[in-house]
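K.L.:
I'm passing along structure_12.txt; it holds compact mmCIF, C-alpha atoms.
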```txt
# COMPACT_ATOMS: atom_id res chain seq x y z
CA MET X 1 105.41 94.51 64.36
CA ALA X 2 105.00 92.05 67.23
CA THR X 3 105.23 93.44 70.76
CA PRO X 4 108.44 92.13 72.36
CA ARG X 5 108.38 90.19 75.57
CA LEU X 6 110.29 91.72 78.46
CA GLY X 7 113.20 89.28 78.15
CA GLU X 8 113.48 90.06 74.44
CA TRP X 9 113.39 93.80 75.11
CA LEU X 10 116.20 93.50 77.64
CA ARG X 11 118.35 91.58 75.15
CA GLU X 12 117.92 94.21 72.43
CA GLY X 13 120.76 96.27 73.86
CA PRO X 14 122.42 97.65 77.00
CA PHE X 15 119.98 98.63 79.72
CA ALA X 16 120.14 100.29 83.12
CA LEU X 17 118.39 99.05 86.26
CA ALA X 18 116.60 101.34 88.70
CA MET X 19 115.02 100.13 91.93
CA SER X 20 112.54 102.04 94.04
CA SER X 21 112.28 102.86 97.69
CA GLY X 22 109.99 100.56 99.67
CA PHE X 23 110.85 100.26 103.39
CA PHE X 24 112.10 96.65 103.78
CA GLY X 25 111.62 96.01 100.06
CA PHE X 26 115.22 94.88 99.64
CA PHE X 27 114.03 91.27 99.95
CA ALA X 28 111.82 91.64 96.86
CA HIS X 29 114.46 93.65 94.97
CA CYS X 30 117.00 90.92 95.62
CA GLY X 31 114.60 88.22 94.45
CA ALA X 32 114.08 90.05 91.15
CA LEU X 33 117.80 90.65 90.72
CA THR X 34 118.66 86.96 91.12
CA VAL X 35 116.52 86.20 88.06
CA LEU X 36 118.27 88.82 85.93
CA GLU X 37 121.61 87.43 87.03
CA ASP X 38 120.52 83.85 86.28
CA GLU X 39 119.53 84.92 82.77
CA GLY X 40 122.74 86.83 82.13
CA LEU X 41 120.77 90.08 81.88
CA LEU X 42 123.26 92.34 83.61
CA PRO X 43 122.66 96.11 83.76
CA SER X 44 125.17 98.59 82.40
CA ARG X 45 124.15 101.25 84.92
CA LEU X 46 122.30 101.34 88.25
CA SER X 47 120.32 103.75 90.39
CA GLY X 48 118.02 103.53 93.38
CA SER X 49 116.54 104.98 96.54
CA SER X 50 116.54 103.41 100.01
CA ALA X 51 115.89 99.66 99.63
CA GLY X 52 116.63 100.04 95.92
CA ALA X 53 119.91 101.81 96.64
CA LEU X 54 120.89 99.10 99.11
CA VAL X 55 120.44 96.25 96.60
CA THR X 56 121.87 98.04 93.56
CA GLY X 57 124.75 99.34 95.67
CA MET X 58 125.60 95.94 97.09
CA TRP X 59 125.50 94.37 93.65
CA ALA X 60 127.56 97.17 92.09
CA SER X 61 130.20 96.69 94.78
CA GLY X 62 130.69 93.08 93.65
CA LEU X 63 128.33 91.15 95.92
CA ASP X 64 126.43 88.76 93.64
CA ALA X 65 122.67 88.39 94.12
CA PRO X 66 122.77 84.84 95.61
CA HIS X 67 125.29 85.96 98.23
CA LEU X 68 123.16 88.97 99.08
CA ALA X 69 120.15 86.66 99.36
CA ASP X 70 122.07 84.48 101.82
CA GLU X 71 122.83 87.52 103.95
CA LEU X 72 119.18 88.56 103.95
CA ARG X 73 118.08 85.09 105.02
CA ARG X 74 120.31 85.44 108.08
CA LEU X 75 119.14 88.96 108.92
CA ARG X 76 117.74 89.40 112.44
CA ARG X 77 116.37 92.55 114.06
CA GLU X 78 119.18 92.62 116.60
CA ASP X 79 121.63 92.97 113.70
CA PHE X 80 120.53 96.59 113.15
CA TRP X 81 118.42 97.50 116.20
CA ASP X 82 120.40 100.06 118.23
CA PRO X 83 117.97 102.60 119.83
CA ARG X 84 119.51 105.85 120.95
CA PRO X 85 118.00 109.30 121.66
CA GLY X 86 118.21 111.62 118.67
CA ALA X 87 116.40 112.59 115.47
CA GLY X 88 115.26 109.01 114.98
CA LEU X 89 114.78 105.82 116.98
CA LEU X 90 117.90 104.01 115.81
CA ARG X 91 121.45 105.32 115.84
CA GLY X 92 122.34 103.36 112.70
CA ALA X 93 125.78 102.24 113.87
CA LEU X 94 124.92 98.54 113.61
CA PHE X 95 123.46 99.01 110.14
CA ARG X 96 126.58 100.90 109.05
CA ALA X 97 128.87 98.21 110.46
CA ARG X 98 126.98 95.59 108.48
CA LEU X 99 127.39 97.63 105.31
CA ASP X 100 131.12 98.00 105.93
CA ALA X 101 131.45 94.23 106.41
CA LEU X 102 129.50 93.25 103.28
CA LEU X 103 130.53 95.75 100.62
CA ARG X 104 133.19 94.49 98.23
CA ALA X 105 134.08 97.98 96.99
CA ARG X 106 134.67 100.92 99.31
CA ASP X 107 134.24 103.68 96.75
CA PHE X 108 131.87 104.40 93.87
CA ALA X 109 134.83 104.49 91.50
CA ALA X 110 135.71 100.88 92.39
CA CYS X 111 132.21 99.53 91.58
CA ARG X 112 131.85 97.19 88.62
CA THR X 113 128.94 99.26 87.23
CA ARG X 114 128.17 102.98 87.26
CA LEU X 115 125.94 103.69 90.26
CA ALA X 116 123.88 106.63 91.49
CA VAL X 117 121.92 106.66 94.74
CA SER X 118 119.33 109.18 95.87
CA THR X 119 119.31 110.75 99.32
CA TYR X 120 117.29 113.61 100.79
CA ASP X 121 119.03 116.73 102.10
CA VAL X 122 117.11 117.68 105.26
CA LEU X 123 118.14 121.35 105.39
CA ALA X 124 117.94 122.06 101.66
CA ARG X 125 114.73 120.00 101.45
CA GLU X 126 115.68 118.44 98.14
CA THR X 127 117.01 115.22 96.62
CA ARG X 128 120.76 114.86 96.53
CA VAL X 129 122.16 112.27 94.13
CA ILE X 130 125.49 110.72 95.11
CA GLU X 131 127.67 109.17 92.40
CA ASP X 132 131.19 109.39 93.80
CA GLY X 133 133.14 109.13 97.02
CA PRO X 134 132.82 106.51 99.78
CA LEU X 135 130.06 103.98 99.10
CA ALA X 136 128.96 102.88 102.59
CA PRO X 137 127.94 106.31 103.94
CA ALA X 138 125.95 107.05 100.77
CA LEU X 139 124.00 103.80 101.05
CA HIS X 140 123.54 104.38 104.78
CA ALA X 141 122.09 107.83 104.09
CA SER X 142 119.79 106.60 101.32
CA CYS X 143 118.37 103.99 103.71
CA ALA X 144 117.99 106.29 106.74
CA VAL X 145 114.20 106.21 107.02
CA PRO X 146 113.07 109.42 108.78
CA PHE X 147 112.20 108.97 112.47
CA MET X 148 113.47 105.38 112.33
CA PHE X 149 117.18 106.18 111.80
CA HIS X 150 119.21 109.20 112.78
CA PRO X 151 120.12 111.38 109.78
CA VAL X 152 123.55 110.71 108.27
CA ARG X 153 126.05 113.57 108.14
CA LEU X 154 127.93 113.47 104.84
CA GLY X 155 129.84 116.27 103.17
CA GLY X 156 128.63 118.71 105.80
CA ARG X 157 124.97 117.93 105.05
CA PHE X 158 122.37 115.96 106.99
CA LEU X 159 120.89 113.30 104.73
CA VAL X 160 118.01 110.83 105.09
CA ASP X 161 116.11 108.29 103.00
CA GLY X 162 116.17 109.05 99.27
CA GLY X 163 112.56 107.94 98.96
CA VAL X 164 111.37 111.11 100.69
CA ALA X 165 111.38 113.01 97.37
CA ASP X 166 112.60 110.43 94.84
CA ARG X 167 110.73 107.23 95.59
CA PRO X 168 111.49 105.68 92.17
CA GLY X 169 115.23 106.24 92.58
CA LEU X 170 115.48 107.68 89.07
CA ALA X 171 116.95 111.11 89.85
CA GLY X 172 120.45 109.83 89.07
CA MET X 173 119.48 108.11 85.82
CA PRO X 174 120.34 110.16 82.69
CA PRO X 175 117.43 110.98 80.35
CA GLY X 176 117.21 108.78 77.28
CA THR X 177 118.66 105.71 78.99
CA ARG X 178 116.96 102.37 78.39
CA VAL X 179 115.80 101.55 81.92
CA LEU X 180 114.29 98.51 83.56
CA PHE X 181 112.54 99.89 86.63
CA HIS X 182 111.57 97.57 89.47
CA HIS X 183 108.64 99.24 91.17
CA LEU X 184 107.60 98.37 94.71
CA ALA X 185 103.98 99.36 95.18
CA SER X 186 103.67 101.19 98.49
CA ARG X 187 101.36 99.63 101.05
CA SER X 188 102.34 102.04 103.80
CA PRO X 189 99.41 103.34 105.89
CA TRP X 190 101.20 106.72 105.98
CA ARG X 191 100.84 107.32 102.24
CA ARG X 192 97.63 108.88 100.93
CA ALA X 193 95.56 106.99 98.39
CA GLY X 194 96.34 108.39 94.95
CA SER X 195 99.64 109.90 96.10
CA MET X 196 102.03 110.69 93.22
CA SER X 197 104.73 108.78 95.10
CA MET X 198 102.76 105.58 94.57
CA GLU X 199 102.45 105.97 90.80
CA ILE X 200 104.67 104.11 88.35
CA PRO X 201 106.85 106.68 86.56
CA ALA X 202 106.72 107.01 82.80
CA ARG X 203 109.57 108.30 80.65
CA PRO X 204 110.98 107.45 77.21
CA GLY X 205 112.93 104.20 77.20
CA LEU X 206 111.65 103.02 80.58
CA VAL X 207 109.91 99.69 81.16
CA ALA X 208 108.55 99.11 84.67
CA VAL X 209 107.97 95.76 86.35
CA ALA X 210 105.34 95.99 89.09
CA ILE X 211 104.84 92.89 91.23
CA VAL X 212 101.46 93.02 92.92
CA GLY X 213 100.63 91.33 96.22
CA LEU X 214 104.06 90.96 97.81
CA PRO X 215 104.09 90.19 101.55
CA ARG X 216 104.66 93.30 103.67
CA VAL X 217 107.98 93.18 105.51
CA GLY X 218 109.21 95.32 108.41
CA PRO X 219 111.51 95.21 111.43
CA PHE X 220 108.90 93.19 113.34
CA ARG X 221 107.91 91.13 110.28
CA LEU X 222 111.30 89.96 109.07
CA HIS X 223 109.97 86.41 108.88
CA HIS X 224 107.99 87.57 105.83
CA GLY X 225 111.20 88.60 104.09
CA ILE X 226 112.01 85.23 102.57
CA ARG X 227 108.40 84.90 101.40
CA ALA X 228 108.77 88.28 99.66
CA PHE X 229 112.09 87.20 98.13
CA ASP X 230 110.65 83.96 96.77
CA ALA X 231 107.47 85.63 95.50
CA ALA X 232 109.43 88.35 93.68
CA ARG X 233 111.81 85.79 92.19
CA HIS X 234 108.97 83.68 90.76
CA ALA X 235 107.10 86.77 89.58
CA MET X 236 110.13 88.24 87.81
CA ARG X 237 110.73 84.98 86.00
CA ARG X 238 107.14 85.12 84.73
CA ALA X 239 107.53 88.81 83.88
CA LEU X 240 110.32 88.05 81.40
CA ASP X 241 107.76 86.17 79.29
CA GLN X 242 105.18 88.96 79.39
CA PRO X 243 104.74 91.42 76.49
CA VAL X 244 105.90 95.00 76.88
CA SER X 245 102.87 96.89 75.58
CA ASP X 246 102.40 100.10 77.56
CA GLY X 247 105.75 100.43 79.29
CA THR X 248 104.61 98.42 82.31
CA VAL X 249 104.63 94.71 83.03
CA ARG X 250 102.38 93.78 85.97
CA VAL X 251 102.66 90.40 87.60
CA HIS X 252 100.58 89.10 90.51
CA VAL X 253 102.19 86.80 93.07
```
Once more with this new file: its structure as structure tokens, please.
P.N.:
Amino acid sequence: MATPRLGEWLREGPFALAMSSGFFGFFAHCGALTVLEDEGLLPSRLSGSSAGALVTGMWASGLDAPHLADELRRLRREDFWDPRPGAGLLRGALFRARLDALLRARDFAACRTRLAVSTYDVLARETRVIEDGPLAPALHASCAVPFMFHPVRLGGRFLVDGGVADRPGLAGMPPGTRVLFHHLASRSPWRRAGSMSMEIPARPGLVAVAIVGLPRVGPFRLHHGIRAFDAARHAMRRALDQPVSDGTVRVHV
């Protein structure tokens, strides 16, 4: 039996989309998502951590990928840069205000697709998956990079970036689900070579797309964001024509 190409595999039946943590990787995530939307390949379920939670959450709330891309093109550091003493450099109030302004749905229940986002409970030292309640604080918490943002207090708990213990953003994805996983390879100098957090997860029904060589984006390198968006968009379009042989489709920019 011939090995299906990724686009063919996605059209075989309903699939879920999971997107990984990856610092300012939301530019690349958005680029990949625009291709899926262009092709009418819309996920029936979503999950993510940090940058992945931001993009899947925005889309689930009703913000289409091209509109999210427009917002990212306009993003400037002063839009979220609000230093304040505390358990992190940035207070996070500007980031939260931007979320409140952009989200089309205020609650998980009002999203057009079932969504789960991963956060990290600081005191319990474990991943906490959020699937219900107000949407903005959950996304805020999932994106609260330790030492960069203050922790987010939600439900009496202090929460930070979901990528701390669930970098793939798969903790909220039920076993047995057909999953397209968009993997952002970590290029952080803080991660050890060979770290488990940098590996592409493997589980039944999961196909991972790994785009290699994306520009590194950060708060002082936002000008690379559009380059990352464009590179991921072109790479994802090529990925749809690649065979799914070992559960992973790798594409170089």
K.L.:
Neighbouring residues of segment 212-216 of chain X were defined as those with any atom within 10 Å, considering all atoms listed in the file; residues of the same chain fewer than 3 positions away were excluded. Please report them as a ChimeraX atom specification.
P.N.:
/X:22-25,28,183-188,209,221-222,224-232,235,250-253
K.L.:
Nearest residue to Arg114 of chain X out of X:Ile130, X:Val164, X:Ala136, X:Val152, using all atoms listed in the file?
P.N.:
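Going through X:Ile130, X:Val164, X:Ala136, X:Val152 one by one, the smallest distance to Arg114 of chain X is for X:Ile130.
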K.L.:
Go ahead and compute the interatomic distance for atom CA of Leu10 of chain X and atom CA of Leu41 of chain X, in Å to one decimal.
P.N.:
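Here the two named atoms are 7.1 Å from each other.
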K.L.:
Please provide as a ChimeraX atom specification all residues within 7 Å of Ala16 of chain X, with the sequence filter that same-chain residues fewer than 5 positions apart are discarded (counting only C-alpha atoms).
P.N.:
/X:43-46,177-180
K.L.:
Set the distance at 8 Å and use only C-alpha atoms: which residues neighbour Arg77 of chain X once local chain neighbours fewer than 4 positions away are removed? I'd like the list as a list in words.
P.N.:
Trp81, Pro219, Phe220 and Leu222 of chain X
K.L.:
With C-alpha atoms retained, could you export that selection as a PDB file, in the coordinates of the input?
P.N.:
```
ATOM      1  CA  TRP X  81     118.420  97.500 116.200  1.00  0.00           C
ATOM      2  CA  PRO X 219     111.510  95.210 111.430  1.00  0.00           C
ATOM      3  CA  PHE X 220     108.900  93.190 113.340  1.00  0.00           C
ATOM      4  CA  LEU X 222     111.300  89.960 109.070  1.00  0.00           C
TER       5      LEU X 222
END
```
K.L.:
Given the choices X:Ala110, X:Ala105, X:Ala97, X:Met148, which gets closest to Arg84 of chain X if the distance is worked out from all atoms listed in the file?
P.N.:
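The answer is X:Met148, which sits nearest to Arg84 of chain X.
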K.L.:
May I ask which of the residues X:Ala116, X:Ala109, X:Ala51, X:Glu78 is the closest one to Arg167 of chain X, counting only C-alpha atoms?
P.N.:
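For Arg167 of chain X, the nearest of the candidates is X:Ala51.
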K.L.:
With all atoms listed in the file as the basis for distance, which of X:Asp121, X:Asp82, X:Glu126, X:Asp246 is at the shortest distance from Arg96 of chain X?
P.N.:
X:Asp82
